[in-house]
Structure formats: structure tokens, C-alpha cells
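Inspection log for the structure reproduced underneath, given as C-alpha cells.
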Amino acid sequence: MSLHTARSWWAWGANGSGQLGDGTTTSQASPVQVMSNVRAAAGGYAYTLFLKPDGTLLAAGDNNYGQLGDGGKTARATPAQVMTGVQAVAAGGVRATP
């Protein structure tokens, strides 16, 4: 994943849960532009968070444990708005409890 100098977001790699945010679940061997006007992004285990310059937070990918923060547990291949007024973003792994 890469944030280009023009604030465009490019991604590649595994995409089985839609974590690249390109609207598909097809893995990408080469970079594809996913979104423009992105201030920051963070990748977790099979999900990605995107922060826009206006503080809007979007999320895409696996959501089995509610990691997208959208109130559901359905995976999203297209980034969905989660919150507004966000200053920074970070993501991490998800571990199921036994």
C-alpha cells in the first residue's frame, strides 16, 4: 500500500476480504489506484482504514470482529464512512478469543 505524493492511495496484494478498498475481492499483483484525496491510511489484518483531509474516516476489508467500526460484521470491498472529526489513524491485527 502506498500514499502517493498527490494524496492518491494505491494498493496491491491479497484482497480476499476487499481490504484493498478497490471495490473487488481480486488480489492485485500491480498497484491500482483506490482513492484520491487521502491524508493517511493504516492497514490491519485484512482491513484498511483511510483518513481524508477533512477528518472523515473510511474502512474496507474483513469485519468478522467489528474491526471496521461500522456497527456491523459484514466485509466491505468499497470503503465505507465510519466517523468524522478524526485526527490520526492506526490499525492492528485481530485475534479471536478461544
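Identifiers for the C-alpha cells are assigned positionally: chains receive A, B, ... in sequence, residues are indexed from 1 per chain, and ligands are indexed from 1 in the order shown.
The residue set within 12 Å of Trp9 (chain A), counting only C-alpha atoms and dropping same-chain residues fewer than 5 places from it, reads Met1, Ser2, Leu3, His4, Leu20, Gly21, Asp22, Pro31, Val32, Gln33, Val34, Met35, Ser36, Asn37, Val38, Arg39, Ala40, Ala41, Ala42, Thr48, Leu49, Phe50, Leu51 and Lys52 of chain A.
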Check the DSSP output for the backbone and give back, as an MDAnalysis selection string, the residues of chain A in strand (DSSP E). chainID A and resid 2:3 9:13 28:35 40:44 47:51 57:61 76:83
As a ChimeraX atom specification, please: the residues near Gly85 (chain A) (cut-off 12 Å, only C-alpha atoms, same-chain neighbours under 5 positions excluded). /A:51-58
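Distances to Arg76 (chain A) were evaluated for A:Ala91, A:Ala46, A:Ser27, A:Gln19 using only C-alpha atoms, and the minimum falls at A:Gln19.
Residues within 9 Å of Gly93 (chain A), counting only C-alpha atoms and excluding same-chain residues fewer than 3 positions away, are Gly43, Gly44, Tyr45 and Ala46 of chain A.
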Residue among A:Val89, A:Leu68, A:Met83, A:Ala75 lying closest to Gly23 (chain A), counting only C-alpha atoms: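 Ranked by minimum distance to Gly23 (chain A), first place goes to A:Ala75.
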Shell around Thr25 (chain A) at 7 Å using only C-alpha atoms, local window under 3 positions removed, as JSON, numbers by chain: {"A": [15, 16, 17, 18, 77]}
Suppose you want the space between CA of Val82 (chain A) and CA of Ala60 (chain A); what is it in Å?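 These two atoms are separated by 10.0 Å.
Among the candidate residues A:Tyr47, A:Pro79, A:Gly13, A:Thr24, the one lying nearest to Asn64 (chain A) is A:Tyr47, with distances computed using only C-alpha atoms.
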